[in-house]
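Written out below as structure tokens is the structure these notes cover.
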Amino acid sequence: MRMSRLAHSALQLVRPGLAAIAAGAAVVTAVLLPSSAAAVPSAPRAADAGPAAPGAADAPSGISRLSDKWTTPWGISFLPDGTAALVTERNTGEVYKAGVDGSRQRVGAVPYSVWSLETQDKGGLLGVAVSPTWNGVTDQAVFFMQTTAVDNRVVRMDFDGRSLSGYTPVLTGIRRDTQHNGGHLAFGPDGYLYVTTGDALQPRLAQDKDSLNGKILRITRTGAAAPGNPFGNHVYSYGHRNPEGLAWDERGRLWETEIGESTWDELNLIDPGANYGWPTCEGFCSTPGMTDPKRVWNPAEGGVPAQLAVVDDVIYTSTLRGRRLWRLPIDDTGEDVGTGKSYYKGDYGRLRALVKVPGADELWLGTSDRGTGKDLILKITLD
């Protein structure tokens with residue numbers, strides 16, 4: 001969600017600190033600016049628009065309601081056997097086990113999660129990542145990203161297949177604000193946990209390699225910096241504004257979606273140690289040492305990307321303001337993406353949570369902000 005720096009200053013609130021918490025207790029045509037647009041002559045390629053080619057591989061061929069009565073589902077992470085996933089609700093702080101059969105069971109809540117529209121405290125319970133070796137017995141670990149009254153943090157809880165228990169902060173002290181909290185969690189092919197963090201409306205932090213904000217972090221299960229990180233700390237890449245999506249392709253490459261300020265939203269291919277430009281650049285960057293996005297969206301025309309999934313080297317991206325799902329095939333080099341197609345424009349409202357279903361050519365897609373108990377999780381079939 002975007003907010004000008006001036007507007008943000010007018011909305012600053014005094015929040016009391018909590019010492020106990022701080023201690024860790026259908027296909028559509030979209031109009032997007034082309035790269036040759038006179039107003040932005042050096043802009044990178046915007047996601048293309050137009051109908052999908054008939055019979056295109058891995059193209060959405062059907063969509064149906066998997067389950068309803070959700071309140072802003074934010075993160076989805078499947079259990080290793082693929083029969084069910086854990087789903088977080090941003091506003092309520094609650095966690096549900098959602099089955100591939102459409103069933104839903106509340107399994108608990110993550111303590112200290114804070115979200116309030118009235119006070120512009122828009123953080124809440126965000127991403128979730130189930131341990132890739134979870135079995136409910138010897139490994140019960142599930143990780144969450146949450147906004148508390150004093151910070152953003154990664155925490156670990158135990159899940160035995162029926163309910164959550166315990167609460168262990170893993171990485172604390174990530175600055176929080178009313179917006180730009182990032183919040184996505186995902187285990188990489190290397191077994192380490194990747195964390196997206198926003199700039200907390202303090203853009204300078206994105207360029208500070210000693211800050212946890214405006215970054216993709218790579219950590220161990222105990223919250224330590226993962227071995228081999230480029231700067232010897234938690235930081236994997238930097239110069240990010242508000243990244244909310246992560247996924248790896250078949251080559252093991254990491255892709256990221258990022259919400260820009262007012263001109264360009266981004267799809268980035270992430271390299272360790274790379275600088276993605278914010279706040280010096282938004283979109284294309286001519287500054288030496290900064291890395292360009294692979295695609296951009298104009299926020300008013302199909303943009304504000306939330307999360308992403310990769311299936312057979314095709315990227316799918318949900319959008320909030322754009323209210324559609326984008327499909328972008330990765331090219332043969334693995335270094336770029338081809339023509340983009342969009343689906344479901346306005347049919348379901350704002351779209352956020354997105355994940356591939358293990359062992360199936362399917363996606364789960366969550367609606368966002370339709371109201372208490374009014375959001376959906378949709379199942380998309382790919383051909």
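Residue numbers start at 1 in each chain; chains themselves are named A, B, ... in the order of the structure tokens; ligands are numbered from 1 in the order shown.
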Quick one: residues within 9 Å of Arg175 (chain A), only C-alpha atoms counted, chain neighbours fewer than 6 positions away excluded, as a CSV table (one decimal) with N, CA, C and O atoms, in the first residue's frame?
chain,number,residue,atom,x,y,z
A,150,VAL,N,5.9,-3.1,18.8
A,150,VAL,CA,7.2,-2.4,18.9
A,150,VAL,C,8.1,-2.8,17.7
A,150,VAL,O,9.1,-2.1,17.5
A,151,ASP,N,7.8,-3.8,16.9
A,151,ASP,CA,8.7,-4.2,15.8
A,151,ASP,C,8.0,-5.1,14.9
A,151,ASP,O,6.9,-5.6,15.1
A,152,ASN,N,8.7,-5.4,13.8
A,152,ASN,CA,8.4,-6.6,12.9
A,152,ASN,C,9.4,-7.7,13.4
A,152,ASN,O,10.5,-7.4,13.7
A,153,ARG,N,8.9,-8.9,13.3
A,153,ARG,CA,9.8,-10.0,13.8
A,153,ARG,C,9.4,-11.3,13.1
A,153,ARG,O,8.3,-11.5,12.7
A,181,ASN,N,5.9,-3.0,5.5
A,181,ASN,CA,6.5,-4.0,6.4
A,181,ASN,C,7.0,-5.2,5.7
A,181,ASN,O,7.5,-6.1,6.4
A,197,THR,N,11.6,-7.6,4.0
A,197,THR,CA,11.3,-6.6,4.9
A,197,THR,C,11.2,-5.3,4.1
A,197,THR,O,11.9,-5.0,3.2
A,198,GLY,N,10.2,-4.4,4.5
A,198,GLY,CA,10.0,-3.1,3.9
A,198,GLY,C,10.9,-2.1,4.5
A,198,GLY,O,11.6,-2.3,5.5
A,199,ASP,N,10.9,-0.9,3.9
A,199,ASP,CA,11.7,0.2,4.5
A,199,ASP,C,11.1,0.9,5.6
A,199,ASP,O,11.6,1.9,6.2
A,200,ALA,N,9.9,0.5,6.1
A,200,ALA,CA,9.2,1.1,7.2
A,200,ALA,C,9.0,2.6,7.1
A,200,ALA,O,9.1,3.4,8.0
A,212,LEU,N,18.2,-4.0,9.0
A,212,LEU,CA,17.4,-5.2,8.5
A,212,LEU,C,16.2,-4.8,7.6
A,212,LEU,O,15.6,-5.6,7.1
A,213,ASN,N,16.0,-3.5,7.4
A,213,ASN,CA,14.9,-3.0,6.6
A,213,ASN,C,15.2,-2.7,5.2
A,213,ASN,O,16.3,-2.4,4.8
For Arg162 (chain A), work out the shell of residues within 9 Å, counting only C-alpha atoms and skipping chain neighbours fewer than 5 positions away, then give it as a PyMOL selection string.
-> chain A and resi 97+105-107+136
Find the spatial neighbours of Arg241 (chain A), counting only C-alpha atoms, within a cut-off of 7 Å - ignore same-chain residues fewer than 4 positions away - and output them as number ranges by chain.
-> A: 198-199, 206, 214, 258-260, 278
Resulting file, chosen residues, N, CA and C atoms, as a short mmCIF file (atom, residue, chain, number, x, y, z; two decimals), in the first residue's frame:
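As a result, again-v6.cif now contains:
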data_model
loop_
_atom_site.label_atom_id
_atom_site.label_comp_id
_atom_site.auth_asym_id
_atom_site.auth_seq_id
_atom_site.Cartn_x
_atom_site.Cartn_y
_atom_site.Cartn_z
N GLY A 198 10.21 -4.43 4.50
CA GLY A 198 10.02 -3.13 3.88
C GLY A 198 10.90 -2.07 4.52
N ASP A 199 10.87 -0.87 3.94
CA ASP A 199 11.71 0.21 4.47
C ASP A 199 11.07 0.94 5.65
N ALA A 206 16.89 1.33 3.30
CA ALA A 206 17.04 0.33 2.24
C ALA A 206 18.45 0.26 1.70
N GLY A 214 14.18 -2.90 4.32
CA GLY A 214 14.37 -2.68 2.89
C GLY A 214 15.26 -3.74 2.27
N GLU A 258 7.81 -6.40 -5.91
CA GLU A 258 8.06 -5.25 -5.05
C GLU A 258 7.12 -4.10 -5.39
N ILE A 259 6.52 -3.53 -4.36
CA ILE A 259 5.61 -2.39 -4.54
C ILE A 259 6.42 -1.11 -4.56
N GLY A 260 6.30 -0.34 -5.65
CA GLY A 260 7.02 0.91 -5.78
C GLY A 260 6.28 2.07 -5.13
N TRP A 278 16.30 1.26 -4.55
CA TRP A 278 15.48 2.18 -3.75
C TRP A 278 16.30 2.77 -2.59
#
I'd like a table as CSV: residues in region 134-220 of chain A with an atom no more than 12 Å from region 347-371 of chain A, each row giving the shortest atom pair and its distance in Å to one decimal, only C-alpha atoms counted, sorted by chain and rising residue number.
residue,atom,partner,partner_atom,distance
A:Gly183,CA,A:Ala353,CA,11.7
A:His184,CA,A:Ala353,CA,10.1
A:Ala186,CA,A:Val355,CA,10.9
Those residues with C-alpha atoms, as a PDB file, in the first residue's frame please?
ATOM      1  CA  GLY A 183       6.455  -9.774   5.435  1.00  0.00           C
ATOM      2  CA  HIS A 184       6.960 -12.750   3.125  1.00  0.00           C
ATOM      3  CA  ALA A 186       9.927 -18.836   2.297  1.00  0.00           C
TER       4      ALA A 186
END
Give me the residues within 6 Å of Gln140 (chain A) as an MDAnalysis selection string, counting only C-alpha atoms and dropping any in the same chain fewer than 2 places off.
-> chainID A and resid 134 136 158:160
Option closest in space to Asp375 (chain A), from A:Thr287, A:Thr222, A:Asn91, A:Thr319 [counting only C-alpha atoms] =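 Using only C-alpha atoms, the shortest distance to Asp375 (chain A) belongs to A:Asn91.
As for CA of Ile174 (chain A) and CA of Ser237 (chain A), they are spaced 15.5 Å apart.
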Neighbour list for Val314 (chain A) as a ChimeraX atom specification, cut-off 8 Å, only C-alpha atoms, skip fewer than 2 positions in-chain | /A:58,310-312,316,327-330
Would you save the residues of that selection, restricted to N, CA, C and O atoms, as a PDB file, in the first residue's frame?
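Contents of selection-v1.pdb, as written:
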ATOM      1  N   ASP A  58       0.675 -24.107 -19.287  1.00  0.00           N
ATOM      2  CA  ASP A  58       0.572 -23.601 -17.930  1.00  0.00           C
ATOM      3  C   ASP A  58      -0.281 -22.338 -17.820  1.00  0.00           C
ATOM      4  O   ASP A  58      -0.129 -21.553 -16.894  1.00  0.00           O
ATOM      5  N   VAL A 310       5.855 -19.799  -9.035  1.00  0.00           N
ATOM      6  CA  VAL A 310       6.477 -20.226 -10.285  1.00  0.00           C
ATOM      7  C   VAL A 310       6.081 -21.668 -10.557  1.00  0.00           C
ATOM      8  O   VAL A 310       6.230 -22.539  -9.691  1.00  0.00           O
ATOM      9  N   VAL A 311       5.575 -21.923 -11.760  1.00  0.00           N
ATOM     10  CA  VAL A 311       5.194 -23.266 -12.189  1.00  0.00           C
ATOM     11  C   VAL A 311       5.814 -23.517 -13.556  1.00  0.00           C
ATOM     12  O   VAL A 311       5.522 -22.803 -14.516  1.00  0.00           O
ATOM     13  N   ASP A 312       6.693 -24.543 -13.658  1.00  0.00           N
ATOM     14  CA  ASP A 312       7.329 -24.886 -14.935  1.00  0.00           C
ATOM     15  C   ASP A 312       7.926 -23.666 -15.614  1.00  0.00           C
ATOM     16  O   ASP A 312       7.737 -23.436 -16.816  1.00  0.00           O
ATOM     17  N   TYR A 316       3.677 -16.378 -11.934  1.00  0.00           N
ATOM     18  CA  TYR A 316       2.337 -15.841 -11.700  1.00  0.00           C
ATOM     19  C   TYR A 316       2.431 -14.830 -10.570  1.00  0.00           C
ATOM     20  O   TYR A 316       3.071 -15.093  -9.549  1.00  0.00           O
ATOM     21  N   ARG A 327       0.549 -13.522 -15.677  1.00  0.00           N
ATOM     22  CA  ARG A 327       1.322 -14.694 -16.090  1.00  0.00           C
ATOM     23  C   ARG A 327       2.476 -14.218 -16.960  1.00  0.00           C
ATOM     24  O   ARG A 327       2.258 -13.551 -17.976  1.00  0.00           O
ATOM     25  N   LEU A 328       3.735 -14.546 -16.577  1.00  0.00           N
ATOM     26  CA  LEU A 328       4.914 -14.120 -17.319  1.00  0.00           C
ATOM     27  C   LEU A 328       5.871 -15.301 -17.466  1.00  0.00           C
ATOM     28  O   LEU A 328       6.460 -15.749 -16.477  1.00  0.00           O
ATOM     29  N   PRO A 329       6.047 -15.831 -18.672  1.00  0.00           N
ATOM     30  CA  PRO A 329       6.966 -16.967 -18.851  1.00  0.00           C
ATOM     31  C   PRO A 329       8.425 -16.524 -18.769  1.00  0.00           C
ATOM     32  O   PRO A 329       8.801 -15.478 -19.301  1.00  0.00           O
ATOM     33  N   ILE A 330       9.234 -17.312 -18.088  1.00  0.00           N
ATOM     34  CA  ILE A 330      10.668 -17.067 -18.045  1.00  0.00           C
ATOM     35  C   ILE A 330      11.267 -17.525 -19.368  1.00  0.00           C
ATOM     36  O   ILE A 330      10.922 -18.585 -19.888  1.00  0.00           O
TER      37      ILE A 330
END
Please provide the set of residues having any atom within 9 Å of Val195 (chain A), restricted to only C-alpha atoms, with same-chain residues fewer than 5 positions apart removed, written as a PyMOL selection string.
-> chain A and resi 127+145+154+182-187+215-219+246
Can you work out which one of A:Pro132, A:Gly338, A:Pro279, A:Gly302 has the shortest atom-to-atom distance to Leu79 (chain A), counting only C-alpha atoms?
-> A:Pro132
I need the residues of region 201-270 of chain A that end up classed as strand (DSSP E) by DSSP on the backbone, written out as a CSV table (one decimal) with N, CA, C and O atoms, in the first residue's frame.
chain,number,residue,atom,x,y,z
A,215,LYS,N,15.1,-5.0,2.7
A,215,LYS,CA,16.0,-6.1,2.4
A,215,LYS,C,15.3,-7.4,2.1
A,215,LYS,O,14.1,-7.5,2.4
A,216,ILE,N,16.0,-8.3,1.5
A,216,ILE,CA,15.7,-9.7,1.6
A,216,ILE,C,16.8,-10.3,2.5
A,216,ILE,O,18.0,-10.1,2.3
A,217,LEU,N,16.3,-10.9,3.6
A,217,LEU,CA,17.2,-11.5,4.5
A,217,LEU,C,17.3,-13.0,4.3
A,217,LEU,O,16.4,-13.6,3.8
A,218,ARG,N,18.4,-13.6,4.7
A,218,ARG,CA,18.6,-15.0,4.6
A,218,ARG,C,19.2,-15.5,5.9
A,218,ARG,O,20.3,-15.1,6.4
A,219,ILE,N,18.4,-16.3,6.6
A,219,ILE,CA,18.7,-16.7,8.0
A,219,ILE,C,18.6,-18.2,8.3
A,219,ILE,O,18.0,-18.9,7.5
A,235,VAL,N,21.8,-9.9,5.7
A,235,VAL,CA,21.3,-9.3,4.4
A,235,VAL,C,21.7,-10.2,3.2
A,235,VAL,O,22.9,-10.5,3.1
A,236,TYR,N,20.7,-10.5,2.4
A,236,TYR,CA,21.0,-11.2,1.1
A,236,TYR,C,21.0,-10.2,-0.1
A,236,TYR,O,21.8,-10.3,-1.0
A,237,SER,N,20.0,-9.3,-0.1
A,237,SER,CA,20.0,-8.3,-1.1
A,237,SER,C,19.4,-7.0,-0.5
A,237,SER,O,18.7,-7.1,0.5
A,238,TYR,N,19.6,-5.9,-1.1
A,238,TYR,CA,19.2,-4.6,-0.5
A,238,TYR,C,18.7,-3.6,-1.5
A,238,TYR,O,18.6,-3.9,-2.7
A,243,PRO,N,9.0,-5.3,-0.6
A,243,PRO,CA,8.9,-6.6,-1.2
A,243,PRO,C,7.9,-7.5,-0.5
A,243,PRO,O,8.0,-7.6,0.7
A,244,GLU,N,7.0,-8.1,-1.3
A,244,GLU,CA,6.0,-9.0,-0.6
A,244,GLU,C,5.9,-10.4,-1.3
A,244,GLU,O,5.1,-11.2,-0.8
A,245,GLY,N,6.7,-10.7,-2.3
A,245,GLY,CA,6.6,-12.0,-2.9
A,245,GLY,C,8.0,-12.6,-3.2
A,245,GLY,O,8.9,-11.8,-3.6
A,246,LEU,N,8.1,-13.9,-3.0
A,246,LEU,CA,9.4,-14.6,-3.3
A,246,LEU,C,9.0,-16.0,-3.8
A,246,LEU,O,8.1,-16.6,-3.3
A,247,ALA,N,9.8,-16.4,-4.9
A,247,ALA,CA,9.6,-17.8,-5.4
A,247,ALA,C,10.8,-18.1,-6.2
A,247,ALA,O,11.5,-17.2,-6.8
A,248,TRP,N,11.2,-19.4,-6.3
A,248,TRP,CA,12.3,-19.9,-7.0
A,248,TRP,C,11.8,-20.6,-8.3
A,248,TRP,O,10.8,-21.3,-8.3
A,254,LEU,N,16.0,-17.0,-7.7
A,254,LEU,CA,15.0,-16.3,-6.8
A,254,LEU,C,14.4,-15.1,-7.5
A,254,LEU,O,15.2,-14.2,-8.0
A,255,TRP,N,13.1,-15.1,-7.6
A,255,TRP,CA,12.3,-13.9,-8.1
A,255,TRP,C,11.6,-13.3,-7.0
A,255,TRP,O,11.2,-13.9,-6.0
A,256,GLU,N,11.4,-11.9,-7.2
A,256,GLU,CA,10.8,-11.1,-6.1
A,256,GLU,C,9.8,-10.1,-6.7
A,256,GLU,O,10.1,-9.5,-7.8
A,257,THR,N,8.7,-9.9,-6.1
A,257,THR,CA,7.8,-8.8,-6.5
A,257,THR,C,7.9,-7.6,-5.4
A,257,THR,O,8.0,-7.9,-4.2
A,258,GLU,N,7.8,-6.4,-5.9
A,258,GLU,CA,8.1,-5.3,-5.0
A,258,GLU,C,7.1,-4.1,-5.4
A,258,GLU,O,7.0,-3.8,-6.6
A,265,ASP,N,6.0,-0.4,-10.2
A,265,ASP,CA,6.2,-1.6,-9.4
A,265,ASP,C,7.1,-2.6,-10.1
A,265,ASP,O,7.2,-2.5,-11.3
A,266,GLU,N,7.7,-3.5,-9.4
A,266,GLU,CA,8.8,-4.3,-10.0
A,266,GLU,C,8.7,-5.8,-9.8
A,266,GLU,O,8.2,-6.3,-8.8
A,267,LEU,N,9.2,-6.5,-10.9
A,267,LEU,CA,9.5,-7.9,-10.8
A,267,LEU,C,11.0,-8.0,-10.9
A,267,LEU,O,11.6,-7.5,-11.9
A,268,ASN,N,11.7,-8.5,-9.9
A,268,ASN,CA,13.2,-8.6,-9.8
A,268,ASN,C,13.7,-10.0,-9.8
A,268,ASN,O,13.1,-10.9,-9.2
A,269,LEU,N,14.8,-10.2,-10.5
A,269,LEU,CA,15.5,-11.5,-10.4
A,269,LEU,C,16.7,-11.2,-9.4
A,269,LEU,O,17.5,-10.3,-9.6
A,270,ILE,N,16.7,-11.9,-8.3
A,270,ILE,CA,17.6,-11.6,-7.1
A,270,ILE,C,18.9,-12.3,-7.2
A,270,ILE,O,19.0,-13.5,-7.3
